[in-house]
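One structure is given here, and the rest of the page talks about it.
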Amino acid sequence: MNESSKPMYERIFEALRVDIVEKKYEPGDRVPSEKELGDEYNVSRITSKKALELLASEGYIVRQPGRGSFVSDQPAPQAKQVSQATGTPAQKTRKEDGRLLIGLVITDFADSYGTGLIYGMEEASRQHNSYLVLRRTFGIPALEEEAIKGLLELGVDGLIVFPAQGEYFNAEILKLVINHFPFVLVDRHLKGISASSIATDNVGAAKDGTNHLFELGHKSIAFLSPPPVDTTAIEERIEGFIQAHAEKGIVVDREVWMENITSSLPKHNSEENKQKDIQRIIEHLNKHPQVTALFATEFNISQIAYQAVKQMGKSVPEDYSIVCFDCPETNGKYPFTHLSQNQHEMGRSAFENVLRLRSGQSVPSKILLDASLVISDSTGPVKP
């Protein structure tokens, strides 16, 4: 690996190591602090801290809380004094035999969405003699920040990040960009962030699902989603839904939309919230009797919509047709007509693109994969 492609913490580590070996800093001398190194190299304190921790683990310095870091009185073990030190002994062992450790930060996963992603990543890791380390955030930005920090401290060689829902993106993601750390975003991209992403063509997929309902004679379609709040995947599905209406010359009636379904979000996924959402859907459909079809942006939303229809004494698809994204197979069949994302390919590509970035290769800034329309028994023609 050439010097410019090394992570900054490794470059800082190597510079200080050379200074210690060449006696610029004598035993007992204080070395620059995390803040001083951060200012000198224009990096975050997380990066400079990692460099100092690496020096300590190699035996070059001793860290004293509240005082600083000092050159060890005992010379570092000869076995560790290698001119190309690039990490902890475990990291060096991995790199010597070609193995890498890639971290995955994901909100959550289930049969409907996420498991296929992980399968694709794990298979790619095996093919490349590497390993995948996973941390869930449950859609909570603070846990996402903690996960990224923890994986970096663990010494991962790259990251795959499924960002928490919402307009907030944590400072740790921005630091990854600034420090040119190899990472890829999955399922969505973050506005204003220059980072590679792999996601579904949500616009095209939503158009396909909406057009299927149009072909069955449905014109008043309730769009059901969690609050978009600057979440690109949901925004793109809204865009596709609207485009399909425009191309068919059908007026979009936003009065029949529901963009306040929260029980599908990881941090709100409780039975109590599901029951509240079911009641909201029932009230909404009673208020808008012209609605004949429901377009759910997520599988979990389609499930509660189905329960709402049943509690109303109505039937699917006789009274309401339902379309959603990512429906898992149950007892050999799919309960809902759905848009199936290519999760396996998304996961595989994400892993391989991190490896490409790690080796200094360029990758596309944004990759979109097609979804497939899978027709099942939840959709049917409008009643005459």
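Going through the structure tokens in order, the chains are called A, B, and so on, while each chain numbers its residues from 1 and the ligands are numbered from 1 in the order shown.
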Original post:
Got a sec: who's within 8 Å of region 134-137 of chain A, counting only C-alpha atoms, leaving out chain neighbours fewer than 6 positions off, as a PyMOL selection string?
Top reply: chain A and resi 103-108+143-144+147+164
For the selection just defined, write its residues with all heavy atoms to a file, as a compact mmCIF listing (two decimals), in the first residue's frame.
# COMPACT_ATOMS: atom_id res chain seq x y z
N GLY A 103 -16.63 -3.38 8.37
CA GLY A 103 -17.72 -3.16 9.32
C GLY A 103 -19.01 -2.81 8.61
O GLY A 103 -19.01 -2.10 7.60
N LEU A 104 -20.12 -3.30 9.15
CA LEU A 104 -21.45 -2.97 8.63
C LEU A 104 -22.25 -2.29 9.73
O LEU A 104 -22.44 -2.86 10.81
CB LEU A 104 -22.18 -4.23 8.16
CG LEU A 104 -23.68 -4.08 7.85
CD1 LEU A 104 -23.91 -3.09 6.70
CD2 LEU A 104 -24.32 -5.43 7.54
N VAL A 105 -22.73 -1.08 9.45
CA VAL A 105 -23.60 -0.35 10.36
C VAL A 105 -24.97 -0.30 9.71
O VAL A 105 -25.15 0.30 8.65
CB VAL A 105 -23.08 1.08 10.62
CG1 VAL A 105 -24.00 1.84 11.56
CG2 VAL A 105 -21.66 1.02 11.19
N ILE A 106 -25.97 -0.95 10.32
CA ILE A 106 -27.29 -1.08 9.71
C ILE A 106 -28.36 -0.78 10.75
O ILE A 106 -28.19 -1.07 11.94
CB ILE A 106 -27.47 -2.49 9.11
CG1 ILE A 106 -28.76 -2.61 8.29
CG2 ILE A 106 -27.41 -3.57 10.20
CD1 ILE A 106 -28.84 -3.91 7.48
N THR A 107 -29.47 -0.17 10.32
CA THR A 107 -30.53 0.16 11.27
C THR A 107 -31.09 -1.10 11.92
O THR A 107 -31.15 -1.20 13.14
CB THR A 107 -31.67 0.93 10.58
OG1 THR A 107 -32.14 0.15 9.45
CG2 THR A 107 -31.19 2.28 10.07
N ASP A 108 -31.48 -2.06 11.12
CA ASP A 108 -32.00 -3.34 11.60
C ASP A 108 -32.19 -4.22 10.38
O ASP A 108 -32.01 -3.76 9.25
CB ASP A 108 -33.32 -3.15 12.36
CG ASP A 108 -33.58 -4.29 13.35
OD1 ASP A 108 -32.80 -5.25 13.37
OD2 ASP A 108 -34.57 -4.20 14.10
N LEU A 143 -26.69 5.99 18.23
CA LEU A 143 -26.15 4.63 18.16
C LEU A 143 -25.35 4.43 16.87
O LEU A 143 -24.38 3.68 16.84
CB LEU A 143 -27.27 3.60 18.25
CG LEU A 143 -27.98 3.49 19.60
CD1 LEU A 143 -29.04 2.39 19.55
CD2 LEU A 143 -26.98 3.20 20.71
N GLU A 144 -25.78 5.11 15.80
CA GLU A 144 -25.03 5.04 14.54
C GLU A 144 -23.64 5.64 14.72
O GLU A 144 -22.64 5.07 14.29
CB GLU A 144 -25.80 5.79 13.46
CG GLU A 144 -25.11 5.80 12.10
CD GLU A 144 -25.97 6.52 11.07
OE1 GLU A 144 -26.89 5.88 10.53
OE2 GLU A 144 -25.73 7.72 10.82
N ALA A 147 -21.56 3.33 16.77
CA ALA A 147 -21.16 2.14 16.02
C ALA A 147 -19.97 2.43 15.10
O ALA A 147 -19.03 1.64 15.00
CB ALA A 147 -22.34 1.61 15.21
N ALA A 164 -29.24 5.88 9.35
CA ALA A 164 -30.47 5.98 10.13
C ALA A 164 -31.46 6.85 9.37
O ALA A 164 -31.08 7.77 8.66
CB ALA A 164 -30.18 6.60 11.50
Considering only C-alpha atoms, tabulate each residue of region 198-303 of chain A that lies at most 10 Å from region 171-192 of chain A along with its nearest interatomic pair and the corresponding distance in Å to one decimal; arrange the rows by chain and ascending residue number and present them as CSV.
residue,atom,partner,partner_atom,distance
A:Ile198,CA,A:Val186,CA,5.1
A:Ala199,CA,A:Asp187,CA,4.1
A:Thr200,CA,A:Asp187,CA,6.6
A:Asp201,CA,A:Asp187,CA,9.7
A:Asn202,CA,A:Asp187,CA,9.6
A:Asp230,CA,A:Lys191,CA,8.6
A:Thr231,CA,A:Arg188,CA,7.8
A:Thr232,CA,A:Arg188,CA,5.9
A:Ala233,CA,A:Arg188,CA,5.7
A:Ile234,CA,A:Arg188,CA,9.3
A:Glu236,CA,A:Arg188,CA,9.7
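Counting from CA of Glu123 (chain A), the distance to CA of Met346 (chain A) is 12.0 Å.
Of the listed residues A:Ser372, A:Thr330, A:Ser196, A:Gln307, the one whose atoms come nearest to Gln343 (chain A) is A:Ser372, with distances taken using only C-alpha atoms.
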Subject >> Selection near region 373-376 of chain A, 6 Å with only C-alpha atoms, sequence-local residues under 4 positions removed, as a ChimeraX atom specification >> reply: /A:336-339
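Using only C-alpha atoms, the nearest neighbour of Pro381 (chain A) within the list A:Leu213, A:Leu285, A:Val21, A:Ile61 is A:Leu213.
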If we count only C-alpha atoms and set the cut-off at 9 Å, which residues sit around region 245-249 of chain A, ignoring sequence neighbours fewer than 6 positions away in its own chain? Please answer as a PDB file with N, CA and C atoms, in the first residue's frame.
ATOM      1  N   LYS A 207     -43.092   3.545  -9.817  1.00  0.00           N
ATOM      2  CA  LYS A 207     -43.894   3.711 -11.035  1.00  0.00           C
ATOM      3  C   LYS A 207     -44.472   2.370 -11.477  1.00  0.00           C
ATOM      4  N   THR A 210     -47.361   1.387  -9.132  1.00  0.00           N
ATOM      5  CA  THR A 210     -48.525   2.248  -9.339  1.00  0.00           C
ATOM      6  C   THR A 210     -49.214   1.928 -10.656  1.00  0.00           C
ATOM      7  N   ASN A 211     -48.425   1.716 -11.709  1.00  0.00           N
ATOM      8  CA  ASN A 211     -49.003   1.386 -13.019  1.00  0.00           C
ATOM      9  C   ASN A 211     -49.756   0.058 -12.978  1.00  0.00           C
ATOM     10  N   PHE A 214     -53.079   0.934 -11.720  1.00  0.00           N
ATOM     11  CA  PHE A 214     -53.836   1.636 -12.768  1.00  0.00           C
ATOM     12  C   PHE A 214     -54.416   0.644 -13.775  1.00  0.00           C
ATOM     13  N   LYS A 219     -57.913   4.203  -9.424  1.00  0.00           N
ATOM     14  CA  LYS A 219     -57.509   5.594  -9.661  1.00  0.00           C
ATOM     15  C   LYS A 219     -57.337   6.374  -8.366  1.00  0.00           C
TER      16      LYS A 219
END
**OP:** For region 220-225 of chain A, please output as a ChimeraX atom specification all residues within 6 Å (counting only C-alpha atoms; exclusion window: fewer than 2 positions along the same chain).
**Re:** /A:218,256-259,261,291,293-297
Next, the residues of the selection above should be written as a short mmCIF file (atom, residue, chain, number, x, y, z; two decimals), in the first residue's frame with all heavy atoms.
data_model
loop_
_atom_site.label_atom_id
_atom_site.label_comp_id
_atom_site.auth_asym_id
_atom_site.auth_seq_id
_atom_site.Cartn_x
_atom_site.Cartn_y
_atom_site.Cartn_z
N HIS A 218 -57.72 0.96 -10.78
CA HIS A 218 -57.68 1.80 -9.58
C HIS A 218 -57.21 3.21 -9.93
O HIS A 218 -56.20 3.37 -10.63
CB HIS A 218 -56.75 1.18 -8.53
CG HIS A 218 -57.17 -0.18 -8.08
ND1 HIS A 218 -58.17 -0.38 -7.16
CD2 HIS A 218 -56.74 -1.41 -8.45
CE1 HIS A 218 -58.34 -1.68 -6.96
NE2 HIS A 218 -57.48 -2.33 -7.75
N VAL A 256 -55.70 11.72 0.19
CA VAL A 256 -55.86 10.30 0.54
C VAL A 256 -54.54 9.66 0.94
O VAL A 256 -54.48 8.46 1.19
CB VAL A 256 -56.53 9.50 -0.60
CG1 VAL A 256 -57.88 10.11 -0.96
CG2 VAL A 256 -55.63 9.41 -1.83
N TRP A 257 -53.47 10.45 1.01
CA TRP A 257 -52.19 9.91 1.45
C TRP A 257 -52.11 9.86 2.97
O TRP A 257 -52.75 10.66 3.67
CB TRP A 257 -51.04 10.80 0.95
CG TRP A 257 -50.79 10.77 -0.53
CD1 TRP A 257 -51.66 10.40 -1.51
CD2 TRP A 257 -49.59 11.16 -1.18
NE1 TRP A 257 -51.08 10.54 -2.74
CE2 TRP A 257 -49.80 11.00 -2.57
CE3 TRP A 257 -48.37 11.62 -0.75
CZ2 TRP A 257 -48.83 11.30 -3.51
CZ3 TRP A 257 -47.38 11.92 -1.68
CH2 TRP A 257 -47.60 11.74 -3.05
N MET A 258 -51.29 8.96 3.47
CA MET A 258 -50.95 8.92 4.89
C MET A 258 -49.42 8.83 5.01
O MET A 258 -48.83 7.81 4.65
CB MET A 258 -51.59 7.71 5.59
CG MET A 258 -53.09 7.79 5.76
SD MET A 258 -53.71 6.44 6.80
CE MET A 258 -53.10 6.94 8.43
N GLU A 259 -48.81 9.90 5.48
CA GLU A 259 -47.36 9.95 5.62
C GLU A 259 -46.94 10.01 7.09
O GLU A 259 -45.89 10.56 7.43
CB GLU A 259 -46.79 11.14 4.87
CG GLU A 259 -47.05 11.09 3.37
CD GLU A 259 -46.59 12.36 2.66
OE1 GLU A 259 -45.40 12.41 2.28
OE2 GLU A 259 -47.39 13.29 2.51
N ILE A 261 -47.19 7.06 9.23
CA ILE A 261 -47.10 5.70 9.77
C ILE A 261 -45.73 5.54 10.43
O ILE A 261 -44.70 5.62 9.75
CB ILE A 261 -47.28 4.64 8.66
CG1 ILE A 261 -48.54 4.92 7.84
CG2 ILE A 261 -47.31 3.25 9.26
CD1 ILE A 261 -49.82 4.81 8.60
N VAL A 291 -61.30 5.59 -1.96
CA VAL A 291 -60.04 4.84 -2.09
C VAL A 291 -60.33 3.36 -2.35
O VAL A 291 -61.16 2.75 -1.67
CB VAL A 291 -59.18 4.99 -0.81
CG1 VAL A 291 -58.00 4.03 -0.84
CG2 VAL A 291 -58.70 6.42 -0.65
N ALA A 293 -57.39 1.29 -3.42
CA ALA A 293 -56.10 0.60 -3.38
C ALA A 293 -55.16 1.33 -2.43
O ALA A 293 -55.28 2.54 -2.20
CB ALA A 293 -55.48 0.52 -4.77
N LEU A 294 -54.21 0.56 -1.89
CA LEU A 294 -53.23 1.10 -0.95
C LEU A 294 -51.82 0.78 -1.46
O LEU A 294 -51.53 -0.39 -1.78
CB LEU A 294 -53.41 0.49 0.44
CG LEU A 294 -54.84 0.48 1.00
CD1 LEU A 294 -54.87 -0.28 2.32
CD2 LEU A 294 -55.33 1.90 1.20
N PHE A 295 -50.97 1.80 -1.53
CA PHE A 295 -49.57 1.60 -1.91
C PHE A 295 -48.74 1.83 -0.66
O PHE A 295 -48.60 2.95 -0.19
CB PHE A 295 -49.17 2.58 -3.02
CG PHE A 295 -47.81 2.29 -3.62
CD1 PHE A 295 -47.69 1.95 -4.95
CD2 PHE A 295 -46.65 2.37 -2.85
CE1 PHE A 295 -46.45 1.67 -5.51
CE2 PHE A 295 -45.40 2.11 -3.39
CZ PHE A 295 -45.30 1.76 -4.73
N ALA A 296 -48.17 0.75 -0.11
CA ALA A 296 -47.35 0.84 1.10
C ALA A 296 -45.88 0.85 0.73
O ALA A 296 -45.42 0.01 -0.04
CB ALA A 296 -47.65 -0.34 2.03
N THR A 297 -45.15 1.81 1.29
CA THR A 297 -43.72 1.91 0.95
C THR A 297 -42.88 0.82 1.59
O THR A 297 -41.73 0.62 1.21
CB THR A 297 -43.16 3.28 1.37
OG1 THR A 297 -43.37 3.47 2.78
CG2 THR A 297 -43.81 4.40 0.59
#
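Counting only C-alpha atoms and comparing A:Ser349, A:Ser302, A:Ser362, A:Gln127, the residue that lies closest to Pro335 (chain A) is A:Ser302.
Of note, CA of Pro328 (chain A) and CA of Ser340 (chain A) are spaced 9.1 Å apart.
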**OP:** Determine which residues of region 189-315 of chain A DSSP labels as helix (DSSP H, G or I) from the backbone of this structure, then write them out as a VMD selection string.
**Re:** chain A and resid 202 to 215 232 to 248 254 to 256 266 to 268 271 to 287 299 to 311
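Distance annotation: of A:Gly347, A:Gly155, A:Pro32, A:Gly150, the residue with the minimal separation from Gly114 (chain A) is A:Gly347; atom set is only C-alpha atoms.
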Subject >> Residues within 9 Å of Leu54 (chain A), only C-alpha atoms, excluding chain neighbours under 2 positions, as a PyMOL selection string >> reply: chain A and resi 9-10+13+49-52+56-60+87-88
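With only C-alpha atoms as the basis for measurement, A:Tyr306 is the residue among A:Asp29, A:Tyr306, A:Arg67, A:Ser264 that approaches Ile282 (chain A) most closely.
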**OP:** Once DSSP has gone over the backbone, tell me which residues of region 87-256 of chain A are in strand (DSSP E or B), as a PyMOL selection string.
**Re:** chain A and resi 101-106+110+114+131-136+158-161+183-186+196-200+221-224
Keeping only N, CA, C and O atoms, write the selected residues as a compact mmCIF listing (two decimals), in the first residue's frame.
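Once written, selection_3.txt looks like this:
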# COMPACT_ATOMS: atom_id res chain seq x y z
N LEU A 101 -11.04 -6.70 7.32
CA LEU A 101 -12.20 -6.67 8.21
C LEU A 101 -13.06 -5.48 7.80
O LEU A 101 -12.62 -4.34 7.87
N ILE A 102 -14.29 -5.75 7.36
CA ILE A 102 -15.20 -4.69 6.91
C ILE A 102 -16.37 -4.59 7.90
O ILE A 102 -17.01 -5.59 8.23
N GLY A 103 -16.63 -3.38 8.37
CA GLY A 103 -17.72 -3.16 9.32
C GLY A 103 -19.01 -2.81 8.61
O GLY A 103 -19.01 -2.10 7.60
N LEU A 104 -20.12 -3.30 9.15
CA LEU A 104 -21.45 -2.97 8.63
C LEU A 104 -22.25 -2.29 9.73
O LEU A 104 -22.44 -2.86 10.81
N VAL A 105 -22.73 -1.08 9.45
CA VAL A 105 -23.60 -0.35 10.36
C VAL A 105 -24.97 -0.30 9.71
O VAL A 105 -25.15 0.30 8.65
N ILE A 106 -25.97 -0.95 10.32
CA ILE A 106 -27.29 -1.08 9.71
C ILE A 106 -28.36 -0.78 10.75
O ILE A 106 -28.19 -1.07 11.94
N ALA A 110 -34.58 -7.81 8.75
CA ALA A 110 -35.64 -8.79 8.93
C ALA A 110 -35.77 -9.59 7.64
O ALA A 110 -35.08 -9.31 6.65
N GLY A 114 -33.22 -6.61 4.53
CA GLY A 114 -31.99 -6.55 5.31
C GLY A 114 -31.24 -7.87 5.33
O GLY A 114 -30.02 -7.90 5.17
N TYR A 131 -13.68 -10.61 6.32
CA TYR A 131 -14.70 -10.82 7.34
C TYR A 131 -15.60 -9.60 7.47
O TYR A 131 -15.18 -8.47 7.24
N LEU A 132 -16.84 -9.87 7.88
CA LEU A 132 -17.85 -8.83 8.05
C LEU A 132 -18.21 -8.75 9.53
O LEU A 132 -18.50 -9.75 10.17
N VAL A 133 -18.17 -7.52 10.08
CA VAL A 133 -18.56 -7.28 11.48
C VAL A 133 -19.77 -6.36 11.48
O VAL A 133 -19.76 -5.30 10.86
N LEU A 134 -20.84 -6.77 12.17
CA LEU A 134 -22.12 -6.06 12.10
C LEU A 134 -22.47 -5.36 13.41
O LEU A 134 -22.21 -5.88 14.49
N ARG A 135 -23.08 -4.17 13.26
CA ARG A 135 -23.61 -3.44 14.41
C ARG A 135 -24.94 -2.81 14.00
O ARG A 135 -25.02 -2.13 12.99
N ARG A 136 -26.01 -3.05 14.80
CA ARG A 136 -27.32 -2.44 14.52
C ARG A 136 -27.47 -1.12 15.27
O ARG A 136 -26.96 -0.96 16.37
N GLY A 158 -12.62 -0.96 6.30
CA GLY A 158 -13.61 -0.26 5.49
C GLY A 158 -14.96 -0.38 6.17
O GLY A 158 -15.14 -1.18 7.09
N LEU A 159 -15.92 0.41 5.70
CA LEU A 159 -17.25 0.42 6.31
C LEU A 159 -18.34 0.41 5.26
O LEU A 159 -18.20 0.99 4.18
N ILE A 160 -19.45 -0.27 5.58
CA ILE A 160 -20.69 -0.18 4.82
C ILE A 160 -21.72 0.40 5.79
O ILE A 160 -21.90 -0.13 6.88
N VAL A 161 -22.38 1.48 5.40
CA VAL A 161 -23.29 2.17 6.31
C VAL A 161 -24.68 2.26 5.70
O VAL A 161 -24.85 2.78 4.60
N PHE A 183 -15.60 3.79 2.47
CA PHE A 183 -16.91 3.36 2.94
C PHE A 183 -17.94 3.57 1.84
O PHE A 183 -17.76 4.37 0.93
N VAL A 184 -19.04 2.81 1.93
CA VAL A 184 -20.12 2.87 0.95
C VAL A 184 -21.45 2.96 1.70
O VAL A 184 -21.64 2.27 2.72
N LEU A 185 -22.34 3.80 1.22
CA LEU A 185 -23.68 3.89 1.78
C LEU A 185 -24.59 2.92 1.04
O LEU A 185 -24.48 2.75 -0.17
N VAL A 186 -25.50 2.30 1.78
CA VAL A 186 -26.41 1.32 1.19
C VAL A 186 -27.86 1.77 1.37
O VAL A 186 -28.22 2.35 2.39
N SER A 196 -19.87 7.29 -2.06
CA SER A 196 -20.44 6.28 -2.95
C SER A 196 -21.66 5.63 -2.30
O SER A 196 -21.66 5.35 -1.11
N SER A 197 -22.70 5.40 -3.10
CA SER A 197 -23.91 4.76 -2.57
C SER A 197 -24.44 3.73 -3.56
O SER A 197 -24.25 3.86 -4.77
N ILE A 198 -25.11 2.72 -3.01
CA ILE A 198 -25.76 1.69 -3.81
C ILE A 198 -27.19 1.56 -3.30
O ILE A 198 -27.41 1.35 -2.11
N ALA A 199 -28.15 1.71 -4.19
CA ALA A 199 -29.55 1.68 -3.77
C ALA A 199 -30.41 1.14 -4.91
O ALA A 199 -29.93 0.88 -6.02
N THR A 200 -31.69 0.97 -4.62
CA THR A 200 -32.66 0.57 -5.63
C THR A 200 -33.12 1.78 -6.43
O THR A 200 -33.15 2.91 -5.91
N ILE A 221 -55.75 6.00 -5.03
CA ILE A 221 -54.80 5.12 -4.34
C ILE A 221 -54.23 5.86 -3.13
O ILE A 221 -53.64 6.94 -3.27
N ALA A 222 -54.40 5.28 -1.95
CA ALA A 222 -53.82 5.86 -0.75
C ALA A 222 -52.35 5.47 -0.65
O ALA A 222 -52.01 4.28 -0.72
N PHE A 223 -51.50 6.47 -0.53
CA PHE A 223 -50.05 6.24 -0.41
C PHE A 223 -49.71 6.22 1.08
O PHE A 223 -49.94 7.20 1.79
N LEU A 224 -49.17 5.10 1.57
CA LEU A 224 -48.89 4.93 2.99
C LEU A 224 -47.39 4.86 3.23
O LEU A 224 -46.70 3.99 2.68
